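Reproduced below: target_6.cif, with mmCIF, C-alpha atoms.
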data_query
#
loop_
_atom_site.label_atom_id
_atom_site.label_comp_id
_atom_site.auth_asym_id
_atom_site.auth_seq_id
_atom_site.Cartn_x
_atom_site.Cartn_y
_atom_site.Cartn_z
CA MET A 167 115.33 246.69 92.92
CA ASP A 168 113.81 244.98 89.87
CA GLU A 169 116.56 242.37 90.02
CA LEU A 170 115.76 241.69 93.69
CA LYS A 171 112.06 241.28 92.93
CA THR A 172 112.86 238.88 90.10
CA ARG A 173 115.08 236.82 92.38
CA ASN A 174 112.30 236.67 95.03
CA ARG A 175 109.83 235.47 92.41
CA GLN A 176 112.25 232.76 91.34
CA THR A 177 112.80 231.49 94.90
CA PRO A 178 110.37 228.63 95.63
CA TYR A 179 107.98 229.31 98.51
CA TRP A 180 109.28 226.33 100.50
CA LYS A 181 112.77 227.83 100.49
CA GLN A 182 111.43 231.21 101.60
CA ILE A 183 109.66 229.41 104.45
CA ILE A 184 112.94 227.87 105.61
CA TYR A 185 114.69 231.28 105.75
CA ILE A 186 111.76 232.95 107.52
CA LEU A 187 111.27 230.22 110.13
CA THR A 188 114.99 230.13 110.88
CA VAL A 189 114.92 233.85 111.69
CA GLY A 190 111.85 233.32 113.91
CA TRP A 191 113.67 230.71 115.99
CA ILE A 192 116.72 232.98 116.28
CA VAL A 193 114.58 235.71 117.87
CA ILE A 194 112.78 233.31 120.22
CA TRP A 195 116.00 231.71 121.42
CA ILE A 196 117.83 234.98 121.97
CA TYR A 197 115.04 235.83 124.42
CA ARG A 198 115.10 232.38 126.04
CA THR A 199 118.84 232.40 126.78
CA VAL A 200 119.68 236.05 127.34
CA LEU A 201 119.12 235.92 131.12
CA THR A 202 120.63 232.52 131.99
CA PRO A 203 124.34 233.53 132.11
CA ILE A 204 123.57 236.47 134.40
CA TYR A 205 121.42 234.81 137.07
CA PRO A 206 123.65 236.19 139.88
CA ILE A 207 123.07 239.74 138.55
CA ILE A 208 119.31 239.12 138.29
CA SER A 209 119.33 237.70 141.82
CA GLU A 210 121.07 240.78 143.19
CA TYR A 211 118.73 243.15 141.31
CA PHE A 212 115.69 241.52 142.92
CA GLY A 213 117.12 241.50 146.44
CA GLY A 214 118.77 238.08 146.61
CA ALA A 215 116.45 235.74 144.68
CA THR A 216 117.10 232.04 145.37
CA ASP A 217 118.11 229.49 142.74
CA ALA A 218 114.56 228.12 142.83
CA GLN A 219 113.12 231.59 142.13
CA LEU A 220 115.58 232.14 139.28
CA GLY A 221 114.53 228.78 137.87
CA HIS A 222 110.91 229.93 138.04
CA ILE A 223 111.66 232.62 135.41
CA SER A 224 112.20 229.91 132.80
CA SER A 225 109.61 227.56 134.24
CA PHE A 226 106.82 230.16 134.03
CA TYR A 227 107.83 231.03 130.47
CA PHE A 228 107.69 227.37 129.48
CA LEU A 229 104.43 226.89 131.38
CA GLY A 230 102.82 229.47 129.10
CA TYR A 231 104.54 227.92 126.09
CA VAL A 232 103.33 224.41 126.89
CA CYS A 233 99.76 225.50 127.68
CA MET A 234 99.51 227.04 124.21
CA GLN A 235 100.74 224.00 122.25
CA ILE A 236 97.53 222.01 121.73
CA PRO A 237 95.18 225.04 121.48
CA SER A 238 97.45 226.76 118.95
CA GLY A 239 97.74 223.55 116.91
CA LEU A 240 93.95 223.28 116.74
CA LEU A 241 93.61 226.98 115.86
CA VAL A 242 96.27 226.75 113.13
CA ASP A 243 94.48 223.78 111.53
CA ARG A 244 91.16 225.65 111.76
CA LEU A 245 92.03 229.31 111.01
CA GLY A 246 95.38 229.26 109.22
CA LYS A 247 99.02 229.71 110.12
CA LYS A 248 99.55 233.42 109.58
CA GLN A 249 96.32 234.28 111.42
CA ILE A 250 97.70 232.68 114.59
CA LEU A 251 101.41 233.52 114.25
CA ILE A 252 101.10 237.33 114.13
CA PRO A 253 98.95 237.75 117.30
CA GLY A 254 101.21 235.20 119.01
CA PHE A 255 104.35 237.23 118.34
CA LEU A 256 102.61 240.44 119.44
CA LEU A 257 101.81 238.74 122.77
CA PHE A 258 105.44 237.55 122.94
CA GLY A 259 106.60 241.16 122.58
CA LEU A 260 104.17 242.35 125.28
CA GLY A 261 105.44 239.71 127.71
CA ALA A 262 109.06 240.67 127.02
CA LEU A 263 108.21 244.34 127.62
CA ILE A 264 106.70 243.51 131.03
CA VAL A 265 109.84 241.53 131.97
CA GLY A 266 112.07 244.44 130.95
CA LEU A 267 110.06 246.94 133.01
CA SER A 268 109.66 244.70 136.09
CA GLN A 269 110.63 245.98 139.52
CA THR A 270 109.77 242.78 141.40
CA ILE A 271 110.44 239.11 140.65
CA GLY A 272 106.69 238.40 140.70
CA ILE A 273 106.10 240.75 137.75
CA VAL A 274 108.92 238.98 135.88
CA PHE A 275 106.98 235.73 136.31
CA ILE A 276 103.83 237.33 134.83
CA GLY A 277 105.75 238.68 131.84
CA SER A 278 107.42 235.31 131.37
CA ILE A 279 104.06 233.51 131.20
CA LEU A 280 102.75 235.96 128.58
CA ALA A 281 105.94 235.67 126.51
CA GLY A 282 105.64 231.88 126.69
CA LEU A 283 101.99 231.95 125.58
CA GLY A 284 102.97 234.09 122.59
CA CYS A 285 105.91 231.90 121.58
CA GLY A 286 103.70 228.84 122.01
CA THR A 287 101.99 229.61 118.70
CA TYR A 288 105.24 229.24 116.75
CA TYR A 289 106.00 225.52 116.87
CA GLY A 290 102.78 224.29 115.23
CA VAL A 291 103.01 226.97 112.56
CA ALA A 292 106.65 226.28 111.79
CA TYR A 293 106.53 222.52 111.41
CA SER A 294 103.13 222.36 109.74
CA LEU A 295 104.54 224.78 107.13
CA THR A 296 107.57 222.55 106.54
CA ALA A 297 105.41 219.41 106.50
CA GLU A 298 103.02 220.97 103.99
CA TYR A 299 105.36 222.76 101.59
CA VAL A 300 108.85 221.22 101.81
CA PRO A 301 109.48 218.24 99.50
CA VAL A 302 109.69 214.92 101.39
CA SER A 303 113.21 214.21 100.13
CA LYS A 304 114.43 217.50 101.64
CA ARG A 305 112.35 217.50 104.84
CA SER A 306 114.86 216.28 107.45
CA LEU A 307 117.59 218.58 106.13
CA SER A 308 115.19 221.52 105.84
CA THR A 309 113.96 220.97 109.39
CA ALA A 310 117.57 220.90 110.55
CA ILE A 311 118.23 224.22 108.83
CA VAL A 312 115.16 225.74 110.49
CA ASN A 313 116.29 224.32 113.84
CA SER A 314 119.72 225.87 113.37
CA GLY A 315 117.99 229.13 114.23
CA THR A 316 117.63 227.84 117.79
CA ALA A 317 121.38 227.23 117.96
CA ILE A 318 122.28 230.63 116.48
CA GLY A 319 119.82 232.45 118.75
CA SER A 320 121.03 230.57 121.83
CA GLY A 321 124.66 231.36 121.08
CA LEU A 322 123.93 235.04 120.46
CA GLY A 323 121.85 235.29 123.65
CA LEU A 324 124.46 233.61 125.85
CA ILE A 325 127.49 235.46 124.49
CA SER A 326 125.87 238.91 124.34
CA SER A 327 124.51 238.75 127.89
CA SER A 328 127.65 237.29 129.47
CA TYR A 329 129.81 239.94 127.76
CA LEU A 330 127.62 243.06 127.69
CA VAL A 331 125.82 242.56 131.02
CA GLY A 332 128.31 240.31 132.82
CA THR A 333 131.09 242.85 132.35
CA GLY A 334 128.87 245.81 133.30
CA ILE A 335 128.65 247.48 129.87
CA LEU A 336 124.83 247.37 129.82
CA PRO A 337 122.05 246.77 132.37
CA TRP A 338 120.23 243.47 131.92
CA GLN A 339 117.04 245.22 130.82
CA ALA A 340 118.78 246.68 127.74
CA LEU A 341 119.07 243.25 126.11
CA ILE A 342 115.37 242.56 126.75
CA PHE A 343 114.47 245.81 124.98
CA ALA A 344 116.80 244.92 122.09
CA THR A 345 114.98 241.60 121.80
CA ILE A 346 111.65 243.44 121.57
CA VAL A 347 112.99 245.34 118.54
CA LEU A 348 113.91 242.00 116.94
CA ILE A 349 110.40 240.66 117.69
CA LEU A 350 108.84 243.63 115.87
CA MET A 351 111.16 243.14 112.89
CA ALA A 352 110.19 239.44 112.76
CA ILE A 353 106.48 240.38 112.74
CA VAL A 354 107.05 242.66 109.74
CA MET A 355 108.83 239.80 107.95
CA PHE A 356 105.98 237.35 108.70
CA LEU A 357 103.41 239.84 107.42
CA ARG A 358 105.29 240.30 104.18
CA TYR A 359 106.40 236.79 103.26
CA ILE A 360 104.09 234.17 104.80
CA HIS A 361 101.06 233.48 102.61
CA LEU A 362 97.62 234.13 104.03
CA GLU A 363 95.46 231.00 104.06
CA LYS A 364 91.69 231.06 103.78
CA PRO A 365 89.93 229.71 106.90
CA LYS A 366 87.85 226.55 106.39
CA LYS A 367 84.19 227.30 105.69
CA ALA A 368 81.86 226.69 108.61
CA SER A 369 79.82 224.04 106.77
CA SER A 370 82.86 222.06 105.74
CA VAL A 371 84.42 222.45 109.19
CA SER A 372 81.41 221.01 111.02
CA LYS A 373 81.16 218.08 108.63
CA TYR A 374 84.90 217.50 108.76
CA SER A 375 85.31 217.85 112.52
CA GLU A 376 83.08 214.88 113.38
CA GLU A 377 85.20 212.52 111.29
CA LYS A 378 88.32 214.14 112.57
CA LYS A 379 87.44 213.66 116.23
CA GLN A 380 87.07 209.91 115.75
CA VAL A 381 90.04 209.47 113.43
CA SER A 382 92.56 212.00 114.71
CA ILE A 383 92.39 211.32 118.45
CA LYS A 384 93.20 207.66 117.84
CA ALA A 385 95.86 208.58 115.29
CA LEU A 386 97.49 211.04 117.69
CA PHE A 387 97.94 208.33 120.31
CA LYS A 388 99.08 205.37 118.28
CA PRO A 389 101.96 203.43 119.92
CA ARG A 390 104.55 205.03 117.61
CA MET A 391 103.27 208.49 118.48
CA ILE A 392 103.35 207.70 122.21
CA SER A 393 106.93 206.45 121.89
CA ALA A 394 107.88 209.72 120.21
CA TYR A 395 106.21 211.78 122.97
CA ILE A 396 108.13 209.86 125.66
CA LEU A 397 111.43 210.21 123.83
CA TYR A 398 110.90 213.90 123.17
CA PHE A 399 110.16 214.56 126.85
CA SER A 400 113.40 212.79 127.79
CA THR A 401 115.43 214.63 125.17
CA LEU A 402 114.05 218.04 126.10
CA TYR A 403 114.47 217.43 129.83
CA THR A 404 118.23 217.18 129.31
CA TYR A 405 118.33 219.99 126.78
CA TYR A 406 116.50 222.53 128.95
CA LEU A 407 118.63 221.63 131.94
CA ILE A 408 121.63 222.65 129.83
CA ASP A 409 119.82 225.66 128.37
CA THR A 410 118.80 227.12 131.75
CA TRP A 411 121.50 225.97 134.18
CA LEU A 412 124.72 225.08 132.32
CA PRO A 413 126.15 228.65 132.47
CA ASN A 414 125.55 228.82 136.22
CA PHE A 415 126.91 225.26 136.70
CA LEU A 416 130.11 226.15 134.85
CA GLU A 417 130.57 229.32 136.89
CA THR A 418 129.74 228.00 140.36
CA GLU A 419 131.05 224.42 140.15
CA LYS A 420 133.56 224.18 137.30
CA GLY A 421 135.66 227.33 137.70
CA PHE A 422 134.60 229.30 134.60
CA SER A 423 134.16 233.06 134.88
CA GLY A 424 133.15 236.17 132.93
CA THR A 425 132.74 235.92 129.16
CA SER A 426 134.14 232.36 129.16
CA VAL A 427 130.85 231.19 130.74
CA GLY A 428 128.82 232.37 127.75
CA LEU A 429 131.40 231.19 125.22
CA ALA A 430 131.66 227.70 126.72
CA SER A 431 127.89 227.35 127.05
CA SER A 432 127.29 228.53 123.49
CA LEU A 433 129.48 225.71 122.13
CA VAL A 434 126.55 223.34 122.74
CA PHE A 435 124.49 225.27 120.23
CA PHE A 436 127.13 226.09 117.64
CA THR A 437 128.39 222.50 117.32
CA ALA A 438 124.75 221.41 117.03
CA ILE A 439 124.45 223.08 113.61
CA PRO A 440 126.88 220.79 111.71
CA GLY A 441 125.60 217.79 113.71
CA ALA A 442 122.00 218.51 112.73
CA LEU A 443 122.86 219.06 109.07
CA ILE A 444 125.04 215.94 108.81
CA PHE A 445 122.68 213.53 110.56
CA SER A 446 119.59 214.93 108.83
CA ARG A 447 121.27 214.40 105.47
CA ILE A 448 122.05 210.82 106.53
CA ALA A 449 118.43 210.34 107.70
CA ASP A 450 117.06 211.52 104.34
CA GLY A 451 119.35 208.98 102.66
CA ILE A 452 118.16 206.05 104.82
CA PRO A 453 114.44 206.78 105.42
CA MET A 454 113.73 203.23 106.65
CA LYS A 455 116.45 203.43 109.32
CA LYS A 456 115.45 206.66 111.07
CA VAL A 457 114.43 204.91 114.30
CA GLN A 458 117.82 203.21 114.62
CA LEU A 459 119.62 206.50 113.93
CA ILE A 460 117.52 208.28 116.56
CA ILE A 461 118.40 205.66 119.20
CA ILE A 462 122.13 205.80 118.40
CA LEU A 463 122.17 209.60 118.73
CA GLU A 464 120.30 209.52 122.06
CA ILE A 465 122.75 206.99 123.52
CA LEU A 466 125.76 209.00 122.33
CA ALA A 467 124.29 212.23 123.77
CA ALA A 468 123.69 210.65 127.20
CA SER A 469 127.20 209.18 127.24
CA VAL A 470 129.04 212.41 126.42
CA LEU A 471 126.87 214.35 128.90
CA PHE A 472 127.93 211.98 131.68
CA LEU A 473 131.57 212.51 130.70
CA THR A 474 131.07 216.27 130.62
CA VAL A 475 129.59 216.74 134.10
CA THR A 476 131.86 214.25 135.90
CA THR A 477 135.25 215.39 134.59
CA THR A 478 137.43 217.80 136.54
CA ASN A 479 139.49 218.72 133.46
CA GLN A 480 138.20 221.91 131.81
CA THR A 481 139.53 220.91 128.38
CA ILE A 482 137.69 217.57 128.46
CA LEU A 483 134.61 219.40 129.76
CA VAL A 484 134.64 221.79 126.79
CA ILE A 485 135.09 218.86 124.37
CA GLY A 486 132.17 217.12 126.09
CA ILE A 487 129.99 220.23 125.70
CA MET A 488 130.81 220.33 122.00
CA ALA A 489 130.12 216.59 121.61
CA TYR A 490 126.74 216.88 123.33
CA GLY A 491 125.81 219.67 120.95
CA PHE A 492 126.89 217.56 117.96
CA PHE A 493 124.90 214.44 118.99
CA GLY A 494 122.17 215.92 121.18
CA LYS A 495 118.71 217.43 120.90
CA LEU A 496 119.29 219.70 117.92
CA ALA A 497 120.81 216.83 115.93
CA VAL A 498 118.10 214.27 116.70
CA GLU A 499 115.04 216.55 116.76
CA PRO A 500 114.77 217.16 112.97
CA ILE A 501 114.88 213.40 112.38
CA ILE A 502 112.12 212.76 114.94
CA ILE A 503 110.00 215.59 113.47
CA SER A 504 110.35 214.37 109.88
CA TRP A 505 109.72 210.75 110.98
CA LEU A 506 106.53 211.85 112.74
CA GLY A 507 105.42 213.96 109.77
CA GLU A 508 105.45 210.90 107.51
CA SER A 509 102.59 209.36 109.51
CA ALA A 510 100.77 212.53 110.60
CA PRO A 511 96.94 212.46 110.33
CA LYS A 512 95.80 214.40 107.26
CA GLY A 513 94.33 217.78 108.12
CA SER A 514 95.72 217.62 111.67
CA VAL A 515 99.42 218.18 111.11
CA ALA A 516 99.65 221.26 113.34
CA THR A 517 97.53 219.55 116.01
CA MET A 518 99.81 216.50 115.96
CA TYR A 519 102.92 218.67 116.32
CA GLY A 520 101.16 220.61 119.08
CA VAL A 521 100.50 217.42 121.05
CA PHE A 522 104.03 216.20 120.37
CA ASN A 523 105.56 219.47 121.54
CA PHE A 524 103.19 219.66 124.53
CA PHE A 525 104.56 216.41 125.95
CA GLY A 526 108.16 217.29 125.11
CA MET A 527 108.02 220.84 126.43
CA SER A 528 106.41 219.70 129.68
CA ALA A 529 110.00 218.87 130.63
CA SER A 530 110.97 222.52 130.18
CA VAL A 531 108.40 223.54 132.81
CA ILE A 532 109.72 221.03 135.34
CA VAL A 533 113.48 221.13 134.91
CA PRO A 534 114.44 224.80 135.68
CA SER A 535 112.63 224.96 139.04
CA LEU A 536 113.41 221.35 139.99
CA THR A 537 117.11 221.88 139.29
CA GLY A 538 117.09 225.06 141.37
CA LYS A 539 115.41 223.15 144.20
CA ILE A 540 117.96 220.30 143.97
CA SER A 541 120.74 222.91 144.08
CA ASP A 542 119.25 224.64 147.12
CA ILE A 543 118.90 221.31 148.99
CA THR A 544 122.19 219.58 148.03
CA GLY A 545 124.44 222.55 147.30
CA SER A 546 125.21 221.17 143.83
CA LYS A 547 123.54 220.89 140.43
CA LEU A 548 125.51 217.73 139.61
CA TYR A 549 122.70 215.51 140.92
CA ALA A 550 120.26 217.24 138.54
CA PHE A 551 122.51 216.26 135.62
CA TYR A 552 122.62 212.65 136.85
CA LEU A 553 118.83 212.63 136.97
CA ALA A 554 118.67 213.95 133.39
CA ILE A 555 120.99 211.19 132.15
CA VAL A 556 118.78 208.55 133.79
CA ILE A 557 115.66 210.09 132.22
CA ILE A 558 117.12 210.18 128.71
CA GLY A 559 118.30 206.56 129.06
CA PHE A 560 114.88 205.39 130.25
CA GLY A 561 113.04 207.33 127.52
CA THR A 562 115.28 205.89 124.79
CA LEU A 563 114.73 202.35 126.11
CA LEU A 564 110.92 202.78 126.01
CA PHE A 565 111.12 204.25 122.51
CA TYR A 566 113.11 201.21 121.35
CA ILE A 567 110.79 198.67 123.02
CA ILE A 568 107.56 200.22 121.70
CA ASN A 569 108.81 200.52 118.13
CA ARG A 570 110.25 197.00 118.24
CA ILE A 571 106.84 195.61 119.28
CA VAL A 572 105.06 197.62 116.57
CA ASP A 573 107.51 196.39 113.90
CA GLN A 574 107.09 192.77 114.99
CA LYS A 575 103.28 193.05 114.84
CA SER A 576 103.35 194.61 111.38
CA THR A 577 105.73 191.86 110.17
CA GLN A 578 103.38 189.16 111.47
CA ILE A 579 100.40 190.79 109.74
CA ASN A 580 102.26 191.01 106.44
#

Kindly transcribe the structure held in the file into C-alpha cells.
Amino acid sequence: MDELKTRNRQTPYWKQIIYILTVGWIVIWIYRTVLTPIYPIISEYFGGATDAQLGHISSFYFLGYVCMQIPSGLLVDRLGKKQILIPGFLLFGLGALIVGLSQTIGIVFIGSILAGLGCGTYYGVAYSLTAEYVPVSKRSLSTAIVNSGTAIGSGLGLISSSYLVGTGILPWQALIFATIVLILMAIVMFLRYIHLEKPKKASSVSKYSEEKKQVSIKALFKPRMISAYILYFSTLYTYYLIDTWLPNFLETEKGFSGTSVGLASSLVFFTAIPGALIFSRIADGIPMKKVQLIIILEILAASVLFLTVTTTNQTILVIGIMAYGFFGKLAVEPIIISWLGESAPKGSVATMYGVFNFFGMSASVIVPSLTGKISDITGSKLYAFYLAIVIIGFGTLLFYIINRIVDQKSTQIN
C-alpha cells in the first residue's frame, strides 16, 4: 500500500489527468453505442418503432449534449472543473436509469435528453484540463490518448450489445444498468483524483468579465476559429452517421449478421487508436504544418468512406471501415483540438472548447434522425452516406480557403 501511495505521488498530475479522462470517455461511449447494434430489438420492444424514431434516441441525447456545451464551458471557467463534472455525471446516471426503466419510446427520449445534458459537461472539463496542465510538446499525443477512450468505449459497447443482447443472452436493459454502475465508479474516481479548484472571487469576476466580454467574443469568432467550427461540424456529421447507423447499414444492406455486425462496426474505433497516436505524434513534430496535416487526413477519410459504402465486396468493405477509422475523426480531432488550444483566449479555454464542440456536435443532433428519415423515404441509407461525403468535402474546402486567406494577410502584414 505504501509503495502504491509513493508511486501515485511520483506520477505528475498531468499524467493522472490523461488516465482519468480516458476512463471517462470509455464510460460515455459505452453508453452512446450500446443500443445502436440492436435497433431491431429495440424497435420490437416498443411495438415496431420506425427508423426515424430509433434515430431520435441518439438525436435527443445529442440535443441535450449540445445544449449544455456553451453553458458548461462558461460554468467551468467561472466555478471550476470538478464542481461541474460531478453533478454532470450524476445527471448522466439519472438519464441512463430512466432509459433502462422505460416502457414507452417517449420516456426513452426524455432519459436520453437528461443523459445528454449530463455528458455535455465533460468535453469542456476534459480539454481545458489538458490545455491547462499538459505540456505543449505532449499536447497532441496526450489528447489522442484521452480520445482513445472514445474508441475503446465504442468498441466495447458495440461488441457487448451485439453479442449479449443480439444473441438473446441478456435483455437490452441489462447493459444500460451495467453502464450505470460504470458511471458511479467514474464519479468515485473523479472525486478522488481531480483537484478541486477555488472559484473566482466575486470582485475579481465582475472586473474580469467586462474585459472578457469584449475580448473573448471576438476571439471566439476569429476566421481561424470559424474555419475550425465548420470543419468540426463536417467531421462529426460523418462520424455520428457511422456511430449511429453503420451497424444497421451493415446488417440490412451489406449482408452482415449477428456478432459480426458489432465486430465489423467496432473496427472503425479500434483502428482509430493507432491512427490517432501516429498522426498526433507527427503533428507534435511539425507544429507549423498542422493545418496541412488536418486537410490531408480529411480528404483521405472522405475517400475511403466512399470506397467503403459503394463496394459490394465484404472484404474490401471491412478494409474500408478500418481505413476510415485510421484516417478519420479520432485521428484528426486531437490535432484540431491542440491547434485550437494554441490560440485559445486566456481565461476562456473551456468556453472556447464549449463553442467549438457546440458547432461540431450540432451535427450529431441532425444526422441520426435525418438518416432514419432518408432510409424511410428511399429504402436505403446509402444516400445518407453520400450526403455525409459531400458535407465533409465542402467543410474541408472552406477550412482550406479561410486559413489560406488568413495566412496571406498575415504574410502581407509582416

Contacts of region 446-459 of chain A within 8 Å, all atoms listed in the file, excl. fewer than 6 positions in-chain, as a list in words: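 Residues meeting the cut-off are Ser303, Lys304, Arg305, Ser306, Leu307, Ala310, Ala497, Pro500, Ile501, Ile502 and Trp505 of chain A.
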
Which of these residues is nearest to Glu419 (chain A), using only C-alpha atoms: A:Lys575, A:Arg390, A:Lys248, A:Lys547? A:Lys547

Exactly which residues make up the result of the PyMOL selection byres ((chain A and resi 281) around 6) on this file, given as a PDB file with C-alpha atoms, in the coordinates of the input?
ATOM      1  CA  PHE A 258     105.440 237.550 122.940  1.00  0.00           C
ATOM      2  CA  GLY A 261     105.440 239.710 127.710  1.00  0.00           C
ATOM      3  CA  ALA A 262     109.060 240.670 127.020  1.00  0.00           C
ATOM      4  CA  SER A 278     107.420 235.310 131.370  1.00  0.00           C
ATOM      5  CA  ILE A 279     104.060 233.510 131.200  1.00  0.00           C
ATOM      6  CA  LEU A 280     102.750 235.960 128.580  1.00  0.00           C
ATOM      7  CA  GLY A 282     105.640 231.880 126.690  1.00  0.00           C
ATOM      8  CA  LEU A 283     101.990 231.950 125.580  1.00  0.00           C
ATOM      9  CA  GLY A 284     102.970 234.090 122.590  1.00  0.00           C
TER      10      GLY A 284
END

CA of Thr333 (chain A) and CA of Ser431 (chain A) are how many Å apart?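 These two atoms are separated by 16.7 Å.
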
Show me, as a list in words, the residues that have an atom within 7 Å of region 524-530 of chain A when counting only C-alpha atoms, minus same-chain residues fewer than 6 positions from it.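 Within the cut-off, the hits are Ser225, Phe228, Val232, Gln235, Ile236, Tyr395, Tyr398, Phe399, Leu402, Tyr403 and Tyr406 of chain A.
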
Considering only C-alpha atoms, can you say which of A:Phe387, A:Tyr329, A:Tyr490, A:Trp191 comes closest to Ser423 (chain A)? A:Tyr329

Extending 4 Å beyond the listed atoms of region 411-417 of chain A on each side, what axis-aligned box results? I want centre and edge lengths in Å to one decimal, as JSON.
{"center_x": 126.0, "center_y": 227.2, "center_z": 134.6, "size_x": 17.1, "size_y": 12.2, "size_z": 12.6}

Going by the chain IDs and residue numbers used in this file, which residues fall under the PyMOL selection byres ((chain A and resi 555) around 8)? Write them as a count of residues only. 12

Selection: 7 Å around region 218-224 of chain A, only C-alpha atoms, excl. self and same-chain fewer than 4 positions, as a ChimeraX atom specification: /A:205,228,274-275,278,534-535,538-539

Which residues, written as a PyMOL selection string, have at least one atom at most 9 Å from Ala438 (chain A), with all atoms listed in the file counted and residues fewer than 2 positions away on the same chain left out? chain A and resi 314+317+433-436+440-443+488-497

I'd like to know which of A:Phe255, A:Phe415, A:Phe560, A:Tyr289 is closest to Val475 (chain A), using all atoms listed in the file. A:Phe415

With the file shown as input, list the residues that the PyMOL selection byres ((chain A and resi 362) around 10) selects, as a list in words.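 That selection, the PyMOL selection byres ((chain A and resi 362) around 10), comes back as Gly246, Lys247, Lys248, Gln249, Leu357, Arg358, Tyr359, Ile360, His361, Glu363, Lys364 and Pro365 of chain A.
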
Neighbouring residues of Gly290 (chain A) were defined as those with any atom within 12 Å, considering all atoms listed in the file; residues of the same chain fewer than 5 positions away were excluded. Please report them as a VMD selection string. chain A and resid 187 231 to 232 234 to 243 246 to 248 250 to 251 254 285 295 to 298 503 507 514 to 524

Which residue, A:Ile196, A:Ile567, A:Leu548, A:Val531, has the smallest gap to Gly315 (chain A) when you use only C-alpha atoms? A:Ile196
